[in-house]
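*Asks:* Have a look at the structure that comes next, please.
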Amino acid sequence: MNLRWFRNNLVSLIAGGLFVALLSAMLWFLHEAYAQQDAVLAELATQNTELDNLRNYKPFPSKENIDLITRDRENIRQLYESMRSAATFPLLHGPNLTRDIDFLQFKQAAVNHLAEMVVPQHIRAPEAFGFSRYDAKFPCRNPVARGEDCLRLMALLSKQLVTVEKLVSLLVSNQVEEIMAIRRIEVEPGEVSSDALIIPGGSNSNALYQTYPFELQFTCDTPVLRDLLNGLMQTDALFVIRALKIDTASVTLKSLEMPVSNGEVAAGRAAEPAGEVRKRRLTVTLRLDLVEFAPPAPPKPRGGRE
C-alpha cells in the first residue's frame, strides 16, 4: 500500500523536496544579504561620524585651508630640493665589474696605487687598506651570490675602494704621521675580516639618501688634524663626521736641526742646533659616513600612461 502510494506520488515528492531545498537556499542568501547590509550600515555610520567630526573641526577643512596646506607642502618640497642640490655631489663608483676576478684585479691595482702614495711620504699604512678579506679570496663565493646580487655586491665593494682611495689621498696630502687602521663595514655576509667596522649597515633603495660608513685611525699633530677636517669639508664628496676620538701623548723627537717656520725664516731667525723637541702627538679615531643623495626620480607624464 505504502509503496504504491510512493510510486504514485513520486513526482510530487521530488518536486516538494526541490522546493524545500530551493527555499532553504533563498533563506540562507537572504540572511547573508541582511548581514552584509548590517556591516555596510555600520561602516556608513562610522564614516558619517567622521564626517560630522570634520565639519565640527576648527578650522574646518575648507578649500582655503586645503590650498594653504598644498602651498606649504610645495614650499617644503622646494626647500628639500634646494638642500639636496646644495649637498649633492657626483656619485662615487668604480669601474663596471662583471666578474669576481675583475674586482680582485681592480683591488690590487688600487692597493698598489695607495702604496705609491704613502711610501714616498714615509707614512706607514695597512697593507690591505681595509680589504684584507679579499687578499686571496674572491667575492660572491662565500656565501655564493650570482647574477644581479653579485653585480650589486661588486659595485658596493668598488665604491668602498674608490672612497678609501679618496680618504687616503686626503690623509697623505695633509701629512699624517701614520695610518694605523682603515675600517669599513662588510657589505658581503659570511666572513668578518680583522679590519671590518662592526656597526649596523645596509642600504634601502627607497631611501632619500644612502650612507657608507668608514673609520680611520691615524696619528698626527694638532695643525694636521685641523687641516684634515677642513679638507673633508672641501672635497667633491659629502662626508659627515659621526664620532671623533683623540688620545694625546707628548713625545720627544731628536733632529739635526730644530725646524723654524717660514715666518721665522723671513724674520732672520736661523734654525737652532741639534737638540730634543717636545711634540704633542694625537692618536685620532675618526668615524665618518659618505652620504649620497638618491638622484631625483624622472617626472611622471600627465594625462597618459607612464
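Following the order of the C-alpha cells, first chain is A, next is B, and so on, with residues numbered from 1 inside each chain and ligands from 1 in the order they appear.
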Please identify all polymer residues within 9 Å of range 184-196 of chain A, counting only C-alpha atoms, omitting same-chain residues fewer than 6 positions from it, and present them as number ranges by chain.
*Replies:* A: 129-133, 139-140, 142-143, 153, 156-157, 160, 164, 202, 212-215
*Asks:* Store the residues picked out above, limited to C-alpha atoms, as a CSV table (one decimal), in the first residue's frame.
*Replies:*
```csv
chain,number,residue,atom,x,y,z
A,129,PHE,CA,93.9,49.3,3.3
A,130,GLY,CA,90.8,47.8,4.8
A,131,PHE,CA,90.3,45.0,2.2
A,132,SER,CA,92.2,42.2,3.8
A,133,ARG,CA,89.3,39.8,3.4
A,139,PRO,CA,83.8,38.0,-3.7
A,140,CYS,CA,80.4,36.3,-4.4
A,142,ASN,CA,81.3,32.7,0.5
A,143,PRO,CA,78.3,32.7,0.6
A,153,LEU,CA,77.9,43.4,-4.3
A,156,LEU,CA,79.4,48.3,-3.4
A,157,LEU,CA,82.9,47.0,-2.9
A,160,GLN,CA,84.1,51.5,-1.0
A,164,VAL,CA,89.2,54.7,0.6
A,202,GLY,CA,72.7,48.0,4.9
A,212,TYR,CA,78.5,54.3,3.6
A,213,PRO,CA,80.4,54.2,7.0
A,214,PHE,CA,84.2,54.2,7.4
A,215,GLU,CA,86.6,54.5,10.2
```
*Asks:* Identify all residues of range 110-231 of chain A in helix (DSSP H, G or I) (DSSP on the backbone) and supply them as a PyMOL selection string.
*Replies:* chain A and resi 110-118+132-134+147-173+222-231
*Asks:* Could the residues in this selection be saved with N, CA and C atoms as a compact mmCIF listing (two decimals), in the first residue's frame?
*Replies:*
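part.txt was written with the following content:
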```txt
# COMPACT_ATOMS: atom_id res chain seq x y z
N ALA A 110 94.34 49.23 -7.11
CA ALA A 110 94.09 50.33 -6.17
C ALA A 110 95.05 50.28 -5.00
N VAL A 111 95.31 49.07 -4.46
CA VAL A 111 96.25 48.94 -3.34
C VAL A 111 97.65 49.37 -3.76
N ASN A 112 98.06 48.99 -4.96
CA ASN A 112 99.38 49.41 -5.46
C ASN A 112 99.44 50.94 -5.59
N HIS A 113 98.36 51.54 -6.06
CA HIS A 113 98.33 53.00 -6.19
C HIS A 113 98.41 53.68 -4.83
N LEU A 114 97.71 53.12 -3.84
CA LEU A 114 97.75 53.69 -2.48
C LEU A 114 99.16 53.55 -1.89
N ALA A 115 99.79 52.40 -2.12
CA ALA A 115 101.15 52.21 -1.61
C ALA A 115 102.10 53.22 -2.24
N GLU A 116 101.91 53.52 -3.52
CA GLU A 116 102.74 54.53 -4.19
C GLU A 116 102.53 55.91 -3.61
N MET A 117 101.39 56.16 -2.97
CA MET A 117 101.16 57.46 -2.34
C MET A 117 101.82 57.54 -0.98
N VAL A 118 101.75 56.48 -0.18
CA VAL A 118 102.21 56.56 1.21
C VAL A 118 103.70 56.30 1.35
N SER A 132 91.47 43.38 3.62
CA SER A 132 92.24 42.16 3.84
C SER A 132 91.41 40.91 3.57
N ARG A 133 90.10 41.02 3.64
CA ARG A 133 89.26 39.84 3.36
C ARG A 133 89.49 39.32 1.95
N TYR A 134 89.86 40.20 1.03
CA TYR A 134 89.99 39.82 -0.36
C TYR A 134 91.45 39.74 -0.81
N GLY A 147 74.47 36.39 -10.46
CA GLY A 147 73.66 37.31 -11.24
C GLY A 147 73.68 38.73 -10.70
N GLU A 148 72.50 39.32 -10.60
CA GLU A 148 72.37 40.70 -10.16
C GLU A 148 72.88 40.90 -8.74
N ASP A 149 72.72 39.89 -7.87
CA ASP A 149 73.20 40.02 -6.49
C ASP A 149 74.72 40.18 -6.47
N CYS A 150 75.42 39.42 -7.28
CA CYS A 150 76.89 39.53 -7.32
C CYS A 150 77.31 40.87 -7.92
N LEU A 151 76.64 41.30 -8.98
CA LEU A 151 76.99 42.59 -9.59
C LEU A 151 76.77 43.73 -8.60
N ARG A 152 75.66 43.67 -7.84
CA ARG A 152 75.39 44.70 -6.85
C ARG A 152 76.45 44.69 -5.76
N LEU A 153 76.87 43.51 -5.33
CA LEU A 153 77.90 43.39 -4.30
C LEU A 153 79.23 43.97 -4.78
N MET A 154 79.64 43.64 -6.00
CA MET A 154 80.92 44.17 -6.50
C MET A 154 80.85 45.67 -6.72
N ALA A 155 79.66 46.19 -7.07
CA ALA A 155 79.52 47.64 -7.20
C ALA A 155 79.72 48.33 -5.85
N LEU A 156 79.19 47.74 -4.77
CA LEU A 156 79.38 48.31 -3.44
C LEU A 156 80.85 48.24 -3.02
N LEU A 157 81.50 47.11 -3.30
CA LEU A 157 82.91 46.97 -2.94
C LEU A 157 83.77 47.97 -3.71
N SER A 158 83.51 48.14 -4.99
CA SER A 158 84.30 49.10 -5.77
C SER A 158 84.04 50.53 -5.30
N LYS A 159 82.80 50.84 -4.87
CA LYS A 159 82.52 52.17 -4.32
C LYS A 159 83.32 52.38 -3.03
N GLN A 160 83.36 51.36 -2.17
CA GLN A 160 84.15 51.48 -0.95
C GLN A 160 85.63 51.68 -1.27
N LEU A 161 86.13 50.96 -2.26
CA LEU A 161 87.54 51.07 -2.60
C LEU A 161 87.87 52.46 -3.15
N VAL A 162 87.01 53.00 -3.99
CA VAL A 162 87.23 54.35 -4.52
C VAL A 162 87.18 55.37 -3.38
N THR A 163 86.27 55.16 -2.42
CA THR A 163 86.18 56.08 -1.28
C THR A 163 87.43 56.01 -0.42
N VAL A 164 87.95 54.81 -0.20
CA VAL A 164 89.19 54.66 0.58
C VAL A 164 90.34 55.37 -0.13
N GLU A 165 90.42 55.27 -1.45
CA GLU A 165 91.46 55.99 -2.19
C GLU A 165 91.36 57.50 -1.95
N LYS A 166 90.15 58.01 -1.95
CA LYS A 166 89.96 59.45 -1.73
C LYS A 166 90.38 59.84 -0.31
N LEU A 167 90.00 59.02 0.68
CA LEU A 167 90.35 59.33 2.07
C LEU A 167 91.85 59.21 2.33
N VAL A 168 92.48 58.19 1.78
CA VAL A 168 93.94 58.05 1.96
C VAL A 168 94.67 59.20 1.29
N SER A 169 94.21 59.60 0.11
CA SER A 169 94.83 60.74 -0.56
C SER A 169 94.74 61.99 0.31
N LEU A 170 93.61 62.16 1.00
CA LEU A 170 93.46 63.31 1.88
C LEU A 170 94.39 63.21 3.08
N LEU A 171 94.55 62.01 3.64
CA LEU A 171 95.47 61.82 4.77
C LEU A 171 96.91 62.11 4.35
N VAL A 172 97.29 61.62 3.18
CA VAL A 172 98.67 61.81 2.71
C VAL A 172 98.94 63.28 2.39
N SER A 173 98.00 63.94 1.72
CA SER A 173 98.22 65.34 1.36
C SER A 173 98.32 66.24 2.58
N THR A 222 98.26 68.59 16.04
CA THR A 222 97.03 69.39 16.03
C THR A 222 96.83 70.15 14.72
N PRO A 223 97.83 70.84 14.17
CA PRO A 223 97.59 71.55 12.89
C PRO A 223 97.18 70.61 11.76
N VAL A 224 97.78 69.42 11.71
CA VAL A 224 97.43 68.47 10.66
C VAL A 224 95.98 68.03 10.80
N LEU A 225 95.55 67.76 12.02
CA LEU A 225 94.16 67.35 12.23
C LEU A 225 93.20 68.48 11.83
N ARG A 226 93.55 69.70 12.16
CA ARG A 226 92.70 70.83 11.77
C ARG A 226 92.60 70.94 10.25
N ASP A 227 93.74 70.83 9.57
CA ASP A 227 93.72 70.91 8.11
C ASP A 227 92.96 69.74 7.49
N LEU A 228 93.10 68.56 8.09
CA LEU A 228 92.41 67.39 7.57
C LEU A 228 90.90 67.54 7.67
N LEU A 229 90.41 68.03 8.80
CA LEU A 229 88.96 68.21 8.97
C LEU A 229 88.45 69.28 8.01
N ASN A 230 89.23 70.34 7.81
CA ASN A 230 88.83 71.34 6.83
C ASN A 230 88.82 70.76 5.42
N GLY A 231 89.79 69.90 5.13
CA GLY A 231 89.84 69.28 3.82
C GLY A 231 88.66 68.37 3.54
```
*Asks:* So how far away is CA of Pro90 in chain A from CA of Asp236 in chain A, in Å?
*Replies:* 7.6 Å
*Asks:* What is the distance, in Å and to one decimal place, between CA of Ile199 in chain A and CA of Ile241 in chain A?
*Replies:*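 If I compute the distance from CA of Ile199 in chain A to CA of Ile241 in chain A, I get 15.0 Å.
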*Asks:* When you look at Thr219 in chain A with a cut-off of 9 Å (counting only C-alpha atoms), what residues show up, excluding the ones that are within fewer than 3 positions of it in the same chain? I need them as a list in words.
*Replies:* Val176, Glu177, Glu178, Ile179, Met180, Leu225, Arg281, Leu282, Thr283, Val284 and Thr285 of chain A
*Asks:* Please produce a file of those selected residues containing N, CA and C atoms, as a compact mmCIF listing (two decimals), in the first residue's frame.
*Replies:*
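Everything below was put into out-v6.txt:
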```txt
# COMPACT_ATOMS: atom_id res chain seq x y z
N VAL A 176 99.81 63.19 7.56
CA VAL A 176 99.70 62.49 8.83
C VAL A 176 100.97 61.66 9.02
N GLU A 177 101.25 61.28 10.26
CA GLU A 177 102.48 60.54 10.53
C GLU A 177 102.32 59.05 10.24
N GLU A 178 101.17 58.50 10.59
CA GLU A 178 100.96 57.06 10.40
C GLU A 178 99.46 56.80 10.25
N ILE A 179 99.12 55.92 9.31
CA ILE A 179 97.74 55.43 9.17
C ILE A 179 97.70 54.07 9.85
N MET A 180 97.07 54.01 11.00
CA MET A 180 97.10 52.80 11.81
C MET A 180 96.04 51.78 11.37
N LEU A 225 95.55 67.76 12.02
CA LEU A 225 94.16 67.35 12.23
C LEU A 225 93.20 68.48 11.83
N ARG A 281 101.60 64.60 20.17
CA ARG A 281 101.14 63.67 19.15
C ARG A 281 99.71 63.23 19.47
N LEU A 282 98.87 63.25 18.46
CA LEU A 282 97.47 62.86 18.59
C LEU A 282 97.25 61.52 17.91
N THR A 283 96.59 60.62 18.62
CA THR A 283 96.10 59.38 18.01
C THR A 283 94.61 59.56 17.80
N VAL A 284 94.19 59.64 16.55
CA VAL A 284 92.82 60.03 16.19
C VAL A 284 92.07 58.82 15.64
N THR A 285 90.86 58.62 16.14
CA THR A 285 89.94 57.64 15.58
C THR A 285 88.74 58.42 15.03
```
*Asks:* So what do you get for CA of Thr211 in chain A versus CA of His93 in chain A, distance-wise?
*Replies:*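 That distance, rounded to one decimal, is 13.8 Å.
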*Asks:* Write out as number ranges by chain the set of residues from range 9-255 of chain A that DSSP, computed on the backbone, places in strand (DSSP E).
*Replies:* A: 178-184, 209-220, 238-255
*Asks:* Restricting the calculation to only C-alpha atoms: of A:Ala42, A:Leu23, A:Leu232, A:Leu97, which residue gets closest to Leu290 in chain A?
*Replies:*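 Ranked by minimum distance to Leu290 in chain A, first place goes to A:Leu232.
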*Asks:* Skipping near chain neighbours, those fewer than 6 positions away, what residues fall within 9 Å of Leu91 in chain A using only C-alpha atoms, listed as a PyMOL selection string?
*Replies:* chain A and resi 237+292-293
*Asks:* Counting only C-alpha atoms, which of A:Lys245, A:His122, A:Lys107, A:Arg183 gets nearest to Leu216 in chain A?
*Replies:* A:Arg183
